[in-house]
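**Q** Got a structure here, written out as structure tokens. Questions coming.
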Amino acid sequence: MTVQRLGAAEAAERLPTFGAVIDVRSPGEFAEDRLPGAVNWPVLDDEERRLVGTEYAQISAFEAQKRGAAIVAKNIAVHIERHVMACPKDWRPLVYCWRGGKRSGAMAWFLDQMGFRTHVIEGGYKAFRTLVREQLDALPRQLDFSVLCGRTGSGKTRLLHALHGAGAQVLDLERLARHRGSVLGLAPGDEQPGQKAFESALWSALRGFDAARTVYVESESRRIGRLRVPEALLARMREHGRCLRVEMPDAGRVALLLEDYDFFVRDNDAFCARLDALRVLRGKEVVAAWQDAARAGRTAEVVEALLATHYDPIYLESMRRNFAGLEAPVAALRWDGSEASLREAAAAAAATEP
């Protein structure tokens with residue numbers, strides 16, 4: 001058999017047809033980003049890659065290539081023994097490395113020689129990364145967005161989930177970014193993905209939508225935590241999105257935030273540590289007073305003050321600047337925090353779909 005080489009675009013279209021998508025880069029490279037659904041079978045781990053690179057730079061390319069070949073052959077044998085022996089004859093793997101093709105070529109040669117119909121991505125991960133960047137610029141222009149606009153704590157994320165449960169197309173940017181979009185947005189112990197991994201996940205989500213149907217999304221700023229939302233997506237949401245204004249009474253907003261951020265209710269120290277980030281904007285004395293109130297068990301009082309003096313003014317100014325449709329939304333979706341009213345709001349949102 002002969003190893004088949006595919007361009008990144010063709011490989012991306014055919015991803016679901018392969019028995020496995022095999023990333024043979026080092027674990028560190030794989031952790032930064034990879035193709036959707038890829039598994040990591042490194043032919044050089046991070047330390048081995050460093051050693052071979054050092055030998056290449058300090059001794060000679062020939063000696064480094066001999067060293068690398070010995071390590072690669074040993075590691076490929078381990079992967080074959082561990083992962084391939086039980087694979088059926090019609091198993092079809094797709095293999096890629098960083099760019100040059102030596103690492104993926106070595107793995108693909110062995111798989112091909114065993115009789116598997118093996119494919120390799122021409123240009124490797126680097127070609128895939130170029131494809132992602134190009135399509136993140138093009139895909140948003142093909143979609144129509146209904147944007148859920150509402151103040152902090154108004155339950156936009158819950159409404160988004162309710163719409164998804166009802167069969168609507170939903171783009172949950174905060175889930176992809178693993179962040180809730182505010183100074184309190186990162187759950188303790190959690191970690192955001194890197195920018196490249198976020199963009200790959202976003203690309204995968206966008207290309208899965210039916211362009212003939214509306215996509216529901218929350219209004220977002222340019223950054224979700226430390227991650228940047230691609231400009232083409234922001235522009236499409238802001239300039240062409242249909243604004244659905246989500247409304248909830250202030251008492252309901254406070255209750256919802258206390259429920260959604262219950263880990264801060266349980267851990268005053270973590271809550272107070274996050275409040276420190278607001279000292280520059282709100283002043284040391286104001287933040288210190290909030291921290292004292294939180295330590296005294298008056299967390300609801302602090303949340304109410306945060307909404308009134310920090311989040312609401314910033315959000316409303318940002319929305320007026322970036323979402324022209326806020327003042328005359330397609331619909332006002334009012335709910336009070338109950339499951340019944342959430343279902344009603346989701347139904348009202350779905351009814352606006354063209």
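If you're wondering about the labels, chains in the structure tokens are A, B, ... by order shown, residues count from 1 in each chain, ligands from 1 in order shown.
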Give me the residues near stretch 12-25 of chain A as a VMD selection string, where near means some atom within 9 Å (using only C-alpha atoms) and where sequence neighbours in that chain fewer than 6 positions away do not count.

**A** chain A and resid 34 to 46 90 to 98 103 to 104 107 125 128

**Q** Which one is closest to A:His164: A:Val78, A:Leu51, A:Ala346, A:Leu136? Count only C-alpha atoms.

**A**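 Comparing A:Val78, A:Leu51, A:Ala346, A:Leu136 against A:His164, the winner is A:Ala346.
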
**Q** Please report, as a tab-separated table, each residue of stretch 127-185 of chain A lying at most 6 Å from stretch 206-220 of chain A, together with the nearest pair of atoms and the separation in Å rounded to one decimal; use only C-alpha atoms, and order rows by chain and ascending residue number.

**A**
```
residue	atom	partner	partner_atom	distance
A:Leu143	CA	A:Ala211	CA	5.2
A:Asp144	CA	A:Thr214	CA	5.3
A:Phe145	CA	A:Val215	CA	4.8
A:Ser146	CA	A:Tyr216	CA	4.8
A:Val147	CA	A:Val217	CA	5.1
A:Leu148	CA	A:Glu218	CA	4.7
A:Cys149	CA	A:Ser219	CA	5.5
A:Gln169	CA	A:Val215	CA	4.9
A:Val170	CA	A:Tyr216	CA	4.7
A:Leu171	CA	A:Val217	CA	5.1
```

**Q** Hey, can you spit out that residue selection with N, CA and C atoms as a PDB file, in the first residue's frame?

**A**
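Final file, again31.pdb:
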```pdb
ATOM      1  N   LEU A 143     -23.110  33.069   8.797  1.00  0.00           N
ATOM      2  CA  LEU A 143     -24.103  32.719   9.807  1.00  0.00           C
ATOM      3  C   LEU A 143     -24.902  33.928  10.262  1.00  0.00           C
ATOM      4  N   ASP A 144     -26.146  33.689  10.660  1.00  0.00           N
ATOM      5  CA  ASP A 144     -27.010  34.721  11.238  1.00  0.00           C
ATOM      6  C   ASP A 144     -27.115  34.465  12.738  1.00  0.00           C
ATOM      7  N   PHE A 145     -26.811  35.495  13.537  1.00  0.00           N
ATOM      8  CA  PHE A 145     -26.775  35.348  14.984  1.00  0.00           C
ATOM      9  C   PHE A 145     -27.924  36.097  15.648  1.00  0.00           C
ATOM     10  N   SER A 146     -28.531  35.463  16.631  1.00  0.00           N
ATOM     11  CA  SER A 146     -29.420  36.140  17.566  1.00  0.00           C
ATOM     12  C   SER A 146     -28.635  36.260  18.865  1.00  0.00           C
ATOM     13  N   VAL A 147     -28.439  37.503  19.319  1.00  0.00           N
ATOM     14  CA  VAL A 147     -27.536  37.772  20.435  1.00  0.00           C
ATOM     15  C   VAL A 147     -28.336  38.059  21.697  1.00  0.00           C
ATOM     16  N   LEU A 148     -28.099  37.256  22.744  1.00  0.00           N
ATOM     17  CA  LEU A 148     -28.758  37.466  24.022  1.00  0.00           C
ATOM     18  C   LEU A 148     -28.035  38.572  24.775  1.00  0.00           C
ATOM     19  N   CYS A 149     -28.702  39.712  24.921  1.00  0.00           N
ATOM     20  CA  CYS A 149     -28.123  40.880  25.590  1.00  0.00           C
ATOM     21  C   CYS A 149     -28.827  41.083  26.931  1.00  0.00           C
ATOM     22  N   GLN A 169     -29.743  26.055  17.613  1.00  0.00           N
ATOM     23  CA  GLN A 169     -28.300  26.100  17.414  1.00  0.00           C
ATOM     24  C   GLN A 169     -27.716  27.143  18.362  1.00  0.00           C
ATOM     25  N   VAL A 170     -26.751  26.731  19.171  1.00  0.00           N
ATOM     26  CA  VAL A 170     -26.219  27.592  20.224  1.00  0.00           C
ATOM     27  C   VAL A 170     -24.699  27.610  20.164  1.00  0.00           C
ATOM     28  N   LEU A 171     -24.130  28.807  20.249  1.00  0.00           N
ATOM     29  CA  LEU A 171     -22.686  28.974  20.362  1.00  0.00           C
ATOM     30  C   LEU A 171     -22.392  29.466  21.781  1.00  0.00           C
TER      31      LEU A 171
END
```

**Q** For each of A:Leu281, A:Leu333, A:Ile71, A:Ala345, take the minimum atom-to-atom distance to A:Ile314, counting only C-alpha atoms, then give the residue where this is smallest.

**A**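 Closest candidate: A:Leu281.
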
**Q** Skip A:Gly194 itself and residues of its chain fewer than 6 positions away, then list as a ChimeraX atom specification all residues within 8 Å of it, counting only C-alpha atoms.

**A** /A:32-33,227

**Q** Atoms to include: N, CA and C atoms. Write the selected residues as a short mmCIF file (atom, residue, chain, number, x, y, z; two decimals), in the first residue's frame.

**A**
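Result written to out.cif:
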```
data_model
loop_
_atom_site.label_atom_id
_atom_site.label_comp_id
_atom_site.auth_asym_id
_atom_site.auth_seq_id
_atom_site.Cartn_x
_atom_site.Cartn_y
_atom_site.Cartn_z
N GLU A 32 -0.88 22.11 23.80
CA GLU A 32 -1.15 23.48 23.37
C GLU A 32 -2.35 23.54 22.43
N ASP A 33 -2.43 22.60 21.51
CA ASP A 33 -3.57 22.53 20.58
C ASP A 33 -3.41 21.30 19.71
N LEU A 227 -8.67 35.20 27.00
CA LEU A 227 -8.76 34.76 25.61
C LEU A 227 -9.45 35.80 24.74
#
```

**Q** Report the residues of stretch 68-236 of chain A whose backbone DSSP state falls under helix (DSSP H, G or I), written as a PyMOL selection string.

**A** chain A and resi 68-84+102-113+124-142+156-165+173-177+195-207+231-236

**Q** For stretch 288-301 of chain A, work out the shell of residues within 10 Å, counting only C-alpha atoms and skipping chain neighbours fewer than 6 positions away, then give it as a PyMOL selection string.

**A** chain A and resi 251+254-255+257-258+264-269+271-276+279

**Q** For A:Val287, which residue among A:Leu160, A:Ala31, A:Val302, A:Arg253 is the nearest when counting only C-alpha atoms?

**A**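 Smallest separation from A:Val287 among the options: A:Val302.
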
**Q** Could you state the separation of atom CA of A:Ala277 and atom CA of A:Ser154 in Å, given to one decimal place?

**A**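 Separation between atom CA of A:Ala277 and atom CA of A:Ser154: 22.8 Å.
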
**Q** Need to verify the contact set: A:Leu233, 8 Å, only C-alpha atoms, exclusion of same-chain residues closer than 2 positions in sequence. Can you return it as an mmCIF file with N, CA and C atoms, in the first residue's frame?

**A**
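Output file around04.cif follows:
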```cif
data_model
loop_
_atom_site.group_PDB
_atom_site.id
_atom_site.type_symbol
_atom_site.label_atom_id
_atom_site.label_comp_id
_atom_site.auth_asym_id
_atom_site.auth_seq_id
_atom_site.Cartn_x
_atom_site.Cartn_y
_atom_site.Cartn_z
ATOM 1 N N LEU A 136 -11.892 31.016 10.539
ATOM 2 C CA LEU A 136 -12.471 31.852 11.585
ATOM 3 C C LEU A 136 -12.771 33.254 11.067
ATOM 4 N N ASP A 137 -12.117 33.639 10.007
ATOM 5 C CA ASP A 137 -12.419 34.914 9.362
ATOM 6 C C ASP A 137 -13.611 34.794 8.421
ATOM 7 N N PRO A 140 -17.941 33.111 10.236
ATOM 8 C CA PRO A 140 -18.971 33.955 10.862
ATOM 9 C C PRO A 140 -19.811 34.731 9.855
ATOM 10 N N ARG A 141 -19.235 35.082 8.723
ATOM 11 C CA ARG A 141 -19.969 35.845 7.713
ATOM 12 C C ARG A 141 -21.072 35.036 7.057
ATOM 13 N N VAL A 229 -11.699 36.941 21.537
ATOM 14 C CA VAL A 229 -12.721 36.478 20.601
ATOM 15 C C VAL A 229 -12.336 36.981 19.209
ATOM 16 N N PRO A 230 -12.308 36.135 18.186
ATOM 17 C CA PRO A 230 -11.898 36.576 16.844
ATOM 18 C C PRO A 230 -12.704 37.777 16.353
ATOM 19 N N GLU A 231 -12.022 38.689 15.708
ATOM 20 C CA GLU A 231 -12.637 39.944 15.270
ATOM 21 C C GLU A 231 -13.790 39.721 14.308
ATOM 22 N N ALA A 235 -17.512 41.172 14.994
ATOM 23 C CA ALA A 235 -18.116 42.108 14.054
ATOM 24 C C ALA A 235 -19.459 41.596 13.556
ATOM 25 N N ARG A 236 -19.545 40.304 13.262
ATOM 26 C CA ARG A 236 -20.797 39.733 12.766
ATOM 27 C C ARG A 236 -21.885 39.820 13.831
ATOM 28 N N MET A 237 -21.524 39.502 15.089
ATOM 29 C CA MET A 237 -22.488 39.562 16.180
ATOM 30 C C MET A 237 -22.966 40.990 16.418
#
```

**Q** How many Å separate atom CA of A:Ala77 from atom CA of A:Ala197?

**A**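 For atom CA of A:Ala77 relative to atom CA of A:Ala197, the distance reads 29.3 Å.
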
**Q** Tell me, in Å to one decimal, how far atom CA of A:Lys156 is from atom CA of A:Ala328.

**A**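 Between atom CA of A:Lys156 and atom CA of A:Ala328 the gap is 18.1 Å.
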
**Q** For each of A:Val246, A:Leu139, A:Val132, A:Leu163, take the minimum atom-to-atom distance to A:Phe198, counting only C-alpha atoms, then give the residue where this is smallest.

**A**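 Using only C-alpha atoms, A:Phe198 sits closest to A:Val132.
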
**Q** Which neighbours of A:Arg228 fall inside 10 Å, counting only C-alpha atoms, when residues of the same chain fewer than 6 positions from it are skipped, and could you give them as JSON, numbers by chain?

**A** {"A": [177, 195, 198, 199, 221, 222]}

**Q** Got time to write the residues from that selection, C-alpha atoms, as an mmCIF file, in the first residue's frame?

**A**
```
data_model
loop_
_atom_site.group_PDB
_atom_site.id
_atom_site.type_symbol
_atom_site.label_atom_id
_atom_site.label_comp_id
_atom_site.auth_asym_id
_atom_site.auth_seq_id
_atom_site.Cartn_x
_atom_site.Cartn_y
_atom_site.Cartn_z
ATOM 1 C CA ALA A 177 -13.313 29.544 26.939
ATOM 2 C CA GLN A 195 -5.651 30.843 22.590
ATOM 3 C CA PHE A 198 -9.854 28.017 22.067
ATOM 4 C CA GLU A 199 -9.803 29.003 18.410
ATOM 5 C CA SER A 221 -16.617 41.622 25.070
ATOM 6 C CA ARG A 222 -13.414 41.244 23.074
#
```

**Q** Would you please work out which residue, of A:His119, A:Met1, A:Glu344, A:Gln142, is nearest to A:His240 when using only C-alpha atoms?

**A**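 Closest to A:His240, using only C-alpha atoms: A:Gln142.
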